[in-house]
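J.: Sharing entry.cif below, mmCIF, N, CA and C atoms:
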```cif
data_entry
loop_
_atom_site.label_atom_id
_atom_site.label_comp_id
_atom_site.auth_asym_id
_atom_site.auth_seq_id
_atom_site.Cartn_x
_atom_site.Cartn_y
_atom_site.Cartn_z
N MET A 25 -6.35 12.48 -16.18
CA MET A 25 -5.04 12.37 -16.80
C MET A 25 -4.88 10.94 -17.32
N ALA A 26 -4.48 10.82 -18.57
CA ALA A 26 -4.33 9.51 -19.19
C ALA A 26 -3.06 8.82 -18.69
N GLU A 27 -3.17 7.52 -18.50
CA GLU A 27 -2.03 6.73 -18.03
C GLU A 27 -1.02 6.59 -19.15
N GLU A 28 0.26 6.57 -18.78
CA GLU A 28 1.33 6.38 -19.75
C GLU A 28 1.18 5.01 -20.40
N LYS A 29 1.46 4.94 -21.67
CA LYS A 29 1.31 3.68 -22.40
C LYS A 29 2.67 3.13 -22.78
N THR A 30 2.73 1.81 -22.92
CA THR A 30 3.93 1.10 -23.33
C THR A 30 3.60 0.25 -24.54
N ARG A 31 4.42 0.32 -25.55
CA ARG A 31 4.20 -0.49 -26.75
C ARG A 31 4.70 -1.91 -26.46
N VAL A 32 3.87 -2.88 -26.82
CA VAL A 32 4.20 -4.29 -26.62
C VAL A 32 4.11 -4.99 -27.97
N ASP A 33 5.12 -5.77 -28.27
CA ASP A 33 5.15 -6.51 -29.53
C ASP A 33 5.42 -7.96 -29.18
N PHE A 34 4.57 -8.87 -29.67
CA PHE A 34 4.78 -10.28 -29.37
C PHE A 34 4.30 -11.14 -30.53
N ASN A 35 4.77 -12.35 -30.55
CA ASN A 35 4.35 -13.33 -31.55
C ASN A 35 3.30 -14.23 -30.94
N ALA A 36 2.29 -14.54 -31.72
CA ALA A 36 1.22 -15.42 -31.25
C ALA A 36 0.90 -16.42 -32.37
N PRO A 37 0.37 -17.57 -32.01
CA PRO A 37 -0.02 -18.54 -33.04
C PRO A 37 -1.02 -17.91 -34.02
N LYS A 38 -0.83 -18.22 -35.29
CA LYS A 38 -1.67 -17.63 -36.34
C LYS A 38 -3.14 -17.93 -36.10
N SER A 39 -3.45 -19.16 -35.67
CA SER A 39 -4.86 -19.52 -35.45
C SER A 39 -5.49 -18.67 -34.34
N LEU A 40 -4.71 -18.33 -33.32
CA LEU A 40 -5.22 -17.50 -32.23
C LEU A 40 -5.49 -16.08 -32.73
N VAL A 41 -4.59 -15.54 -33.54
CA VAL A 41 -4.77 -14.21 -34.10
C VAL A 41 -6.01 -14.18 -35.00
N GLU A 42 -6.20 -15.24 -35.77
CA GLU A 42 -7.38 -15.31 -36.65
C GLU A 42 -8.66 -15.34 -35.82
N ARG A 43 -8.67 -16.10 -34.73
CA ARG A 43 -9.83 -16.14 -33.85
C ARG A 43 -10.09 -14.76 -33.24
N ALA A 44 -9.00 -14.11 -32.81
CA ALA A 44 -9.13 -12.77 -32.23
C ALA A 44 -9.67 -11.79 -33.26
N ASP A 45 -9.17 -11.88 -34.49
CA ASP A 45 -9.65 -10.98 -35.55
C ASP A 45 -11.14 -11.19 -35.82
N SER A 46 -11.60 -12.43 -35.76
CA SER A 46 -13.02 -12.70 -35.94
C SER A 46 -13.83 -12.06 -34.82
N ALA A 47 -13.33 -12.17 -33.59
CA ALA A 47 -14.03 -11.61 -32.44
C ALA A 47 -14.06 -10.08 -32.50
N ILE A 48 -12.94 -9.45 -32.88
CA ILE A 48 -12.93 -7.99 -32.91
C ILE A 48 -13.83 -7.44 -34.01
N GLU A 49 -13.98 -8.20 -35.09
CA GLU A 49 -14.89 -7.79 -36.15
C GLU A 49 -16.33 -7.78 -35.63
N ILE A 50 -16.69 -8.82 -34.91
CA ILE A 50 -18.05 -8.93 -34.37
C ILE A 50 -18.27 -7.87 -33.29
N LEU A 51 -17.28 -7.68 -32.41
CA LEU A 51 -17.41 -6.74 -31.30
C LEU A 51 -17.17 -5.29 -31.71
N ASP A 52 -16.61 -5.09 -32.91
CA ASP A 52 -16.30 -3.76 -33.42
C ASP A 52 -15.35 -3.02 -32.46
N ILE A 53 -14.27 -3.73 -32.09
CA ILE A 53 -13.22 -3.14 -31.26
C ILE A 53 -11.88 -3.42 -31.93
N SER A 54 -10.82 -2.84 -31.41
CA SER A 54 -9.48 -3.06 -31.97
C SER A 54 -8.83 -4.28 -31.32
N ARG A 55 -7.79 -4.79 -31.97
CA ARG A 55 -7.01 -5.87 -31.36
C ARG A 55 -6.46 -5.42 -30.02
N THR A 56 -5.98 -4.21 -29.97
CA THR A 56 -5.40 -3.67 -28.73
C THR A 56 -6.43 -3.72 -27.61
N ARG A 57 -7.66 -3.26 -27.89
CA ARG A 57 -8.70 -3.27 -26.86
C ARG A 57 -9.00 -4.70 -26.41
N LEU A 58 -9.06 -5.65 -27.34
CA LEU A 58 -9.33 -7.05 -26.99
C LEU A 58 -8.21 -7.61 -26.11
N ILE A 59 -6.97 -7.31 -26.45
CA ILE A 59 -5.83 -7.82 -25.67
C ILE A 59 -5.81 -7.17 -24.29
N ILE A 60 -6.03 -5.87 -24.22
CA ILE A 60 -6.06 -5.18 -22.92
C ILE A 60 -7.16 -5.76 -22.04
N ASP A 61 -8.34 -5.93 -22.61
CA ASP A 61 -9.46 -6.50 -21.84
C ASP A 61 -9.14 -7.91 -21.36
N ALA A 62 -8.53 -8.72 -22.24
CA ALA A 62 -8.18 -10.09 -21.88
C ALA A 62 -7.13 -10.11 -20.77
N LEU A 63 -6.14 -9.23 -20.85
CA LEU A 63 -5.11 -9.15 -19.81
C LEU A 63 -5.71 -8.71 -18.48
N GLU A 64 -6.58 -7.71 -18.51
CA GLU A 64 -7.22 -7.25 -17.27
C GLU A 64 -8.05 -8.37 -16.64
N ASP A 65 -8.79 -9.11 -17.47
CA ASP A 65 -9.60 -10.23 -16.94
C ASP A 65 -8.71 -11.30 -16.33
N GLU A 66 -7.62 -11.64 -17.00
CA GLU A 66 -6.71 -12.67 -16.50
C GLU A 66 -6.06 -12.25 -15.20
N LEU A 67 -5.63 -10.99 -15.13
CA LEU A 67 -5.00 -10.50 -13.90
C LEU A 67 -6.00 -10.47 -12.75
N GLU A 68 -7.24 -10.13 -13.03
CA GLU A 68 -8.27 -10.13 -11.99
C GLU A 68 -8.50 -11.55 -11.46
N GLU A 69 -8.49 -12.52 -12.35
CA GLU A 69 -8.62 -13.92 -11.92
C GLU A 69 -7.44 -14.34 -11.05
N LEU A 70 -6.23 -13.94 -11.45
CA LEU A 70 -5.03 -14.29 -10.68
C LEU A 70 -5.07 -13.69 -9.28
N VAL A 71 -5.51 -12.45 -9.18
CA VAL A 71 -5.57 -11.77 -7.89
C VAL A 71 -6.48 -12.53 -6.93
N ASN A 72 -7.51 -13.15 -7.44
CA ASN A 72 -8.46 -13.89 -6.61
C ASN A 72 -8.10 -15.37 -6.44
N ASP A 73 -7.02 -15.80 -7.06
CA ASP A 73 -6.59 -17.20 -6.99
C ASP A 73 -5.69 -17.41 -5.78
N GLU A 74 -6.07 -18.32 -4.89
CA GLU A 74 -5.30 -18.55 -3.65
C GLU A 74 -3.87 -19.02 -3.92
N GLU A 75 -3.69 -19.86 -4.92
CA GLU A 75 -2.35 -20.36 -5.24
C GLU A 75 -1.46 -19.20 -5.71
N PHE A 76 -2.00 -18.33 -6.55
CA PHE A 76 -1.23 -17.18 -7.01
C PHE A 76 -0.89 -16.26 -5.84
N GLN A 77 -1.85 -16.01 -4.96
CA GLN A 77 -1.61 -15.17 -3.79
C GLN A 77 -0.51 -15.76 -2.92
N ARG A 78 -0.52 -17.08 -2.75
CA ARG A 78 0.52 -17.74 -1.95
C ARG A 78 1.89 -17.56 -2.61
N ARG A 79 1.93 -17.76 -3.92
CA ARG A 79 3.21 -17.64 -4.63
C ARG A 79 3.73 -16.20 -4.61
N LEU A 80 2.82 -15.24 -4.72
CA LEU A 80 3.22 -13.84 -4.67
C LEU A 80 3.73 -13.48 -3.28
N SER A 81 3.04 -13.94 -2.24
CA SER A 81 3.51 -13.63 -0.88
C SER A 81 4.85 -14.31 -0.61
N ASP A 82 5.03 -15.54 -1.09
CA ASP A 82 6.33 -16.22 -0.95
C ASP A 82 7.43 -15.41 -1.64
N ALA A 83 7.13 -14.92 -2.85
CA ALA A 83 8.12 -14.14 -3.60
C ALA A 83 8.43 -12.83 -2.87
N TYR A 84 7.43 -12.23 -2.25
CA TYR A 84 7.65 -10.99 -1.49
C TYR A 84 8.51 -11.26 -0.26
N TYR A 85 8.18 -12.30 0.49
CA TYR A 85 8.94 -12.60 1.71
C TYR A 85 10.35 -13.07 1.39
N ASP A 86 10.54 -13.68 0.21
CA ASP A 86 11.88 -14.12 -0.20
C ASP A 86 12.70 -12.99 -0.82
N GLY A 87 12.06 -11.83 -1.03
CA GLY A 87 12.76 -10.69 -1.61
C GLY A 87 12.85 -10.72 -3.13
N ARG A 88 12.08 -11.60 -3.79
CA ARG A 88 12.12 -11.65 -5.25
C ARG A 88 11.24 -10.59 -5.89
N VAL A 89 10.25 -10.08 -5.17
CA VAL A 89 9.45 -8.95 -5.63
C VAL A 89 9.38 -7.92 -4.51
N ASP A 90 9.21 -6.66 -4.89
CA ASP A 90 9.18 -5.61 -3.87
C ASP A 90 7.74 -5.21 -3.54
N TYR A 91 7.63 -4.32 -2.56
CA TYR A 91 6.33 -3.86 -2.09
C TYR A 91 5.51 -3.23 -3.22
N ASP A 92 6.17 -2.41 -4.05
CA ASP A 92 5.46 -1.73 -5.14
C ASP A 92 4.83 -2.73 -6.11
N THR A 93 5.51 -3.82 -6.37
CA THR A 93 4.97 -4.85 -7.25
C THR A 93 3.74 -5.49 -6.64
N VAL A 94 3.82 -5.83 -5.36
CA VAL A 94 2.67 -6.42 -4.67
C VAL A 94 1.51 -5.45 -4.67
N GLU A 95 1.78 -4.18 -4.42
CA GLU A 95 0.72 -3.17 -4.40
C GLU A 95 0.08 -3.03 -5.78
N ALA A 96 0.90 -3.07 -6.83
CA ALA A 96 0.36 -2.95 -8.19
C ALA A 96 -0.54 -4.13 -8.55
N ILE A 97 -0.22 -5.30 -8.02
CA ILE A 97 -1.00 -6.50 -8.36
C ILE A 97 -2.20 -6.67 -7.44
N LEU A 98 -1.99 -6.56 -6.13
CA LEU A 98 -3.06 -6.86 -5.17
C LEU A 98 -3.79 -5.64 -4.63
N GLY A 99 -3.19 -4.48 -4.77
CA GLY A 99 -3.79 -3.28 -4.21
C GLY A 99 -3.11 -2.89 -2.92
N ARG A 100 -3.32 -1.65 -2.51
CA ARG A 100 -2.63 -1.09 -1.35
C ARG A 100 -2.93 -1.82 -0.05
N GLU A 101 -4.21 -2.12 0.20
CA GLU A 101 -4.58 -2.74 1.48
C GLU A 101 -3.94 -4.11 1.67
N GLU A 102 -4.01 -4.95 0.66
CA GLU A 102 -3.44 -6.29 0.77
C GLU A 102 -1.91 -6.24 0.82
N ALA A 103 -1.31 -5.31 0.06
CA ALA A 103 0.15 -5.16 0.09
C ALA A 103 0.60 -4.72 1.48
N LEU A 104 -0.14 -3.80 2.09
CA LEU A 104 0.22 -3.34 3.43
C LEU A 104 0.07 -4.47 4.44
N ARG A 105 -0.96 -5.29 4.29
CA ARG A 105 -1.14 -6.45 5.18
C ARG A 105 0.05 -7.38 5.09
N LEU A 106 0.50 -7.68 3.87
CA LEU A 106 1.68 -8.55 3.68
C LEU A 106 2.92 -7.92 4.29
N LYS A 107 3.08 -6.61 4.11
CA LYS A 107 4.24 -5.91 4.64
C LYS A 107 4.27 -6.00 6.17
N LEU A 108 3.14 -5.71 6.80
CA LEU A 108 3.08 -5.75 8.26
C LEU A 108 3.28 -7.16 8.79
N LEU A 109 2.70 -8.14 8.10
CA LEU A 109 2.88 -9.53 8.51
C LEU A 109 4.34 -9.93 8.38
N GLY A 110 4.97 -9.53 7.28
CA GLY A 110 6.39 -9.84 7.08
C GLY A 110 7.26 -9.21 8.15
N GLU A 111 6.95 -7.97 8.51
CA GLU A 111 7.73 -7.30 9.56
C GLU A 111 7.55 -7.99 10.91
N SER A 112 6.34 -8.47 11.18
CA SER A 112 6.12 -9.15 12.46
C SER A 112 6.80 -10.52 12.49
N ILE A 113 6.89 -11.16 11.34
CA ILE A 113 7.55 -12.47 11.26
C ILE A 113 9.06 -12.30 11.43
N ASP A 114 9.61 -11.22 10.88
CA ASP A 114 11.05 -11.00 10.90
C ASP A 114 11.59 -10.58 12.27
N ARG A 115 10.71 -10.17 13.17
CA ARG A 115 11.18 -9.72 14.48
C ARG A 115 11.68 -10.89 15.31
N THR A 116 12.80 -10.69 15.94
CA THR A 116 13.34 -11.69 16.85
C THR A 116 12.68 -11.50 18.20
N PRO A 117 12.09 -12.55 18.73
CA PRO A 117 11.42 -12.37 20.03
C PRO A 117 12.45 -12.04 21.11
N ALA A 118 12.01 -11.24 22.05
CA ALA A 118 12.90 -10.86 23.15
C ALA A 118 13.20 -12.08 24.00
N ILE A 119 14.44 -12.17 24.42
CA ILE A 119 14.85 -13.26 25.30
C ILE A 119 14.86 -12.72 26.72
N PRO A 120 14.05 -13.30 27.60
CA PRO A 120 14.02 -12.78 28.97
C PRO A 120 15.36 -13.00 29.67
N THR A 121 15.73 -12.01 30.44
CA THR A 121 16.97 -12.13 31.21
C THR A 121 16.67 -11.81 32.67
N LEU A 122 17.42 -12.43 33.56
CA LEU A 122 17.30 -12.18 35.00
C LEU A 122 18.50 -11.38 35.44
N GLU A 123 18.24 -10.30 36.17
CA GLU A 123 19.35 -9.46 36.63
C GLU A 123 20.20 -10.17 37.67
N ASP A 124 19.54 -10.91 38.57
CA ASP A 124 20.27 -11.54 39.67
C ASP A 124 20.52 -13.03 39.44
N GLY A 125 20.13 -13.57 38.33
CA GLY A 125 20.28 -14.99 38.08
C GLY A 125 19.19 -15.79 38.77
N LEU A 126 19.22 -17.08 38.59
CA LEU A 126 18.22 -17.96 39.20
C LEU A 126 18.56 -18.25 40.65
N PRO A 127 17.54 -18.37 41.49
CA PRO A 127 17.82 -18.72 42.89
C PRO A 127 18.25 -20.19 42.98
N SER A 128 18.93 -20.52 44.04
CA SER A 128 19.33 -21.92 44.24
C SER A 128 18.07 -22.73 44.55
N ASP A 129 18.18 -24.05 44.40
CA ASP A 129 17.04 -24.92 44.72
C ASP A 129 16.62 -24.76 46.18
N ASP A 130 17.61 -24.66 47.09
CA ASP A 130 17.29 -24.50 48.51
C ASP A 130 16.51 -23.21 48.76
N ALA A 131 16.95 -22.13 48.14
CA ALA A 131 16.27 -20.85 48.35
C ALA A 131 14.89 -20.86 47.70
N PHE A 132 14.79 -21.50 46.55
CA PHE A 132 13.53 -21.53 45.83
C PHE A 132 12.49 -22.38 46.55
N TYR A 133 12.92 -23.54 47.02
CA TYR A 133 11.98 -24.48 47.65
C TYR A 133 11.90 -24.33 49.17
N ASP A 134 12.65 -23.39 49.74
CA ASP A 134 12.66 -23.20 51.19
C ASP A 134 11.37 -22.52 51.64
N GLY A 135 10.87 -22.94 52.74
CA GLY A 135 9.70 -22.29 53.30
C GLY A 135 8.47 -23.15 53.15
N GLU A 136 7.39 -22.59 53.61
CA GLU A 136 6.13 -23.30 53.60
C GLU A 136 5.52 -23.28 52.21
N ILE A 137 4.92 -24.37 51.84
CA ILE A 137 4.24 -24.47 50.56
C ILE A 137 2.75 -24.33 50.83
N SER A 138 2.15 -23.32 50.25
CA SER A 138 0.72 -23.12 50.49
C SER A 138 -0.07 -24.11 49.64
N GLU A 139 -1.20 -24.50 50.17
CA GLU A 139 -2.05 -25.48 49.48
C GLU A 139 -3.12 -24.73 48.71
N TRP A 140 -3.32 -25.13 47.48
CA TRP A 140 -4.31 -24.47 46.63
C TRP A 140 -5.69 -25.00 46.95
N THR A 141 -6.63 -24.09 47.06
CA THR A 141 -8.03 -24.47 47.25
C THR A 141 -8.85 -23.70 46.25
N ASP A 142 -9.88 -24.35 45.76
CA ASP A 142 -10.77 -23.72 44.79
C ASP A 142 -11.70 -22.79 45.55
N SER A 143 -11.67 -21.52 45.21
CA SER A 143 -12.50 -20.54 45.92
C SER A 143 -13.99 -20.81 45.69
N ASN A 144 -14.33 -21.42 44.57
CA ASN A 144 -15.74 -21.73 44.29
C ASN A 144 -16.23 -22.92 45.10
N SER A 145 -15.35 -23.81 45.49
CA SER A 145 -15.79 -25.00 46.23
C SER A 145 -16.28 -24.62 47.61
N ALA A 146 -15.72 -23.59 48.22
CA ALA A 146 -16.19 -23.15 49.54
C ALA A 146 -17.59 -22.59 49.43
N ASP A 147 -17.86 -21.85 48.35
CA ASP A 147 -19.21 -21.32 48.15
C ASP A 147 -20.22 -22.41 47.91
N SER A 148 -19.85 -23.41 47.12
CA SER A 148 -20.80 -24.48 46.79
C SER A 148 -21.07 -25.36 48.02
N ASP A 149 -20.05 -25.52 48.94
CA ASP A 149 -20.28 -26.28 50.17
C ASP A 149 -21.29 -25.55 51.04
N ASP A 150 -21.16 -24.22 51.13
CA ASP A 150 -22.08 -23.42 51.93
C ASP A 150 -23.50 -23.52 51.39
N GLU A 151 -23.61 -23.50 50.04
CA GLU A 151 -24.95 -23.56 49.42
C GLU A 151 -25.59 -24.93 49.63
N SER A 152 -24.79 -26.00 49.60
CA SER A 152 -25.35 -27.35 49.75
C SER A 152 -25.85 -27.58 51.18
N ARG A 153 -25.28 -26.89 52.15
CA ARG A 153 -25.71 -27.02 53.55
C ARG A 153 -26.98 -26.23 53.81
N ALA A 154 -27.26 -25.25 53.02
CA ALA A 154 -28.41 -24.38 53.28
C ALA A 154 -29.71 -25.07 52.98
#
```
How would this structure read if it were set down as structure tokens?
T.:
Amino acid sequence: MAEEKTRVDFNAPKSLVERADSAIEILDISRTRLIIDALEDELEELVNDEEFQRRLSDAYYDGRVDYDTVEAILGREEALRLKLLGESIDRTPAIPTLEDGLPSDDAFYDGEISEWTDSNSADSDDESRA
């Protein structure tokens, strides 16, 4: 099934059009084909450009472009990655709460304090004696 087409009309410098006309004569293609090919090449370069990717992701996270636009430019996989990353960034982390509140200093520090010992040091002492 052929993709829907849109007519585009624009003004370009005369010298550029003359250069394009020379190229299409040699290549035996239409102006339309040359422009479409040039646009596809330029967009492919942009997709692989880190600065463009950063600007596009900034625009997506700022709400200036939507998911469909990102998908159309970068493809489904990269658009989904940006979407999931954005959703994870937007989540508010849970704030821990205590049901009974904090214990008093006396209750917290009351009792015997156990001394920490390295479990590996006991093994190494035994081995050094052997």
J.: Using only C-alpha atoms, determine which residues lie at most 10 Å from A:Arg57, disregarding the query and same-chain residues fewer than 5 positions distant; provide the list as a PDB file with N, CA and C atoms, in the frame of the given file.
T.:
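The result, written out as out35.pdb:
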```pdb
ATOM      1  N   ILE A  48     -12.940  -9.450 -32.880  1.00  0.00           N
ATOM      2  CA  ILE A  48     -12.930  -7.990 -32.910  1.00  0.00           C
ATOM      3  C   ILE A  48     -13.830  -7.440 -34.010  1.00  0.00           C
ATOM      4  N   ALA A  62      -8.530  -8.720 -22.240  1.00  0.00           N
ATOM      5  CA  ALA A  62      -8.180 -10.090 -21.880  1.00  0.00           C
ATOM      6  C   ALA A  62      -7.130 -10.110 -20.770  1.00  0.00           C
ATOM      7  N   LEU A  63      -6.140  -9.230 -20.850  1.00  0.00           N
ATOM      8  CA  LEU A  63      -5.110  -9.150 -19.810  1.00  0.00           C
ATOM      9  C   LEU A  63      -5.710  -8.710 -18.480  1.00  0.00           C
TER      10      LEU A  63
END
```
J.: So how many Å separate atom C of A:Glu27 and atom CA of A:Thr56, to one decimal?
T.: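 Atom-to-atom, atom C of A:Glu27 and atom CA of A:Thr56 are spaced 14.7 Å apart.
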J.: How many Å lie between atom CA of A:Tyr84 and atom CA of A:Gly110, rounded to one decimal?
T.: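 These two atoms are separated by 8.7 Å.
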J.: With distances taken over all atoms listed in the file, which residue among A:Ile50, A:Ile97, A:Leu40, A:Val89 lies nearest A:Leu67?
T.: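 Comparing A:Ile50, A:Ile97, A:Leu40, A:Val89 against A:Leu67, the winner is A:Ile97.
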J.: Among chain A, which residues carry a DSSP assignment of alpha helix (DSSP H), reported as a PyMOL selection string?
T.: chain A and resi 38-51+55-71+74-85+91-98+100-114+129-133+143-153
J.: What is the distance between atom C of A:Arg55 and atom N of A:Lys29, in Å to one decimal?
T.: 15.5 Å
J.: As JSON, please: the centre and edge lengths in Å, to one decimal, of an axis-aligned box enclosing every listed atom of stretch 53-69 of chain A with 4 Å added on each side.
T.:
```
{"center_x": -9.6, "center_y": -8.6, "center_z": -21.6, "size_x": 17.3, "size_y": 19.5, "size_z": 29.0}
```
J.: Using only C-alpha atoms, which of A:Leu98, A:Ser112, A:Ser46, A:Arg88 sits nearest A:Asp73?
T.: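 Of the candidates, the smallest distance to A:Asp73 is held by A:Leu98.
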J.: Set the distance at 8 Å and use only N, CA and C atoms: which residues neighbour A:Tyr91 once local chain neighbours fewer than 4 positions away are removed? I'd like the list as a PyMOL selection string.
T.: chain A and resi 84+95-97+103-104+107
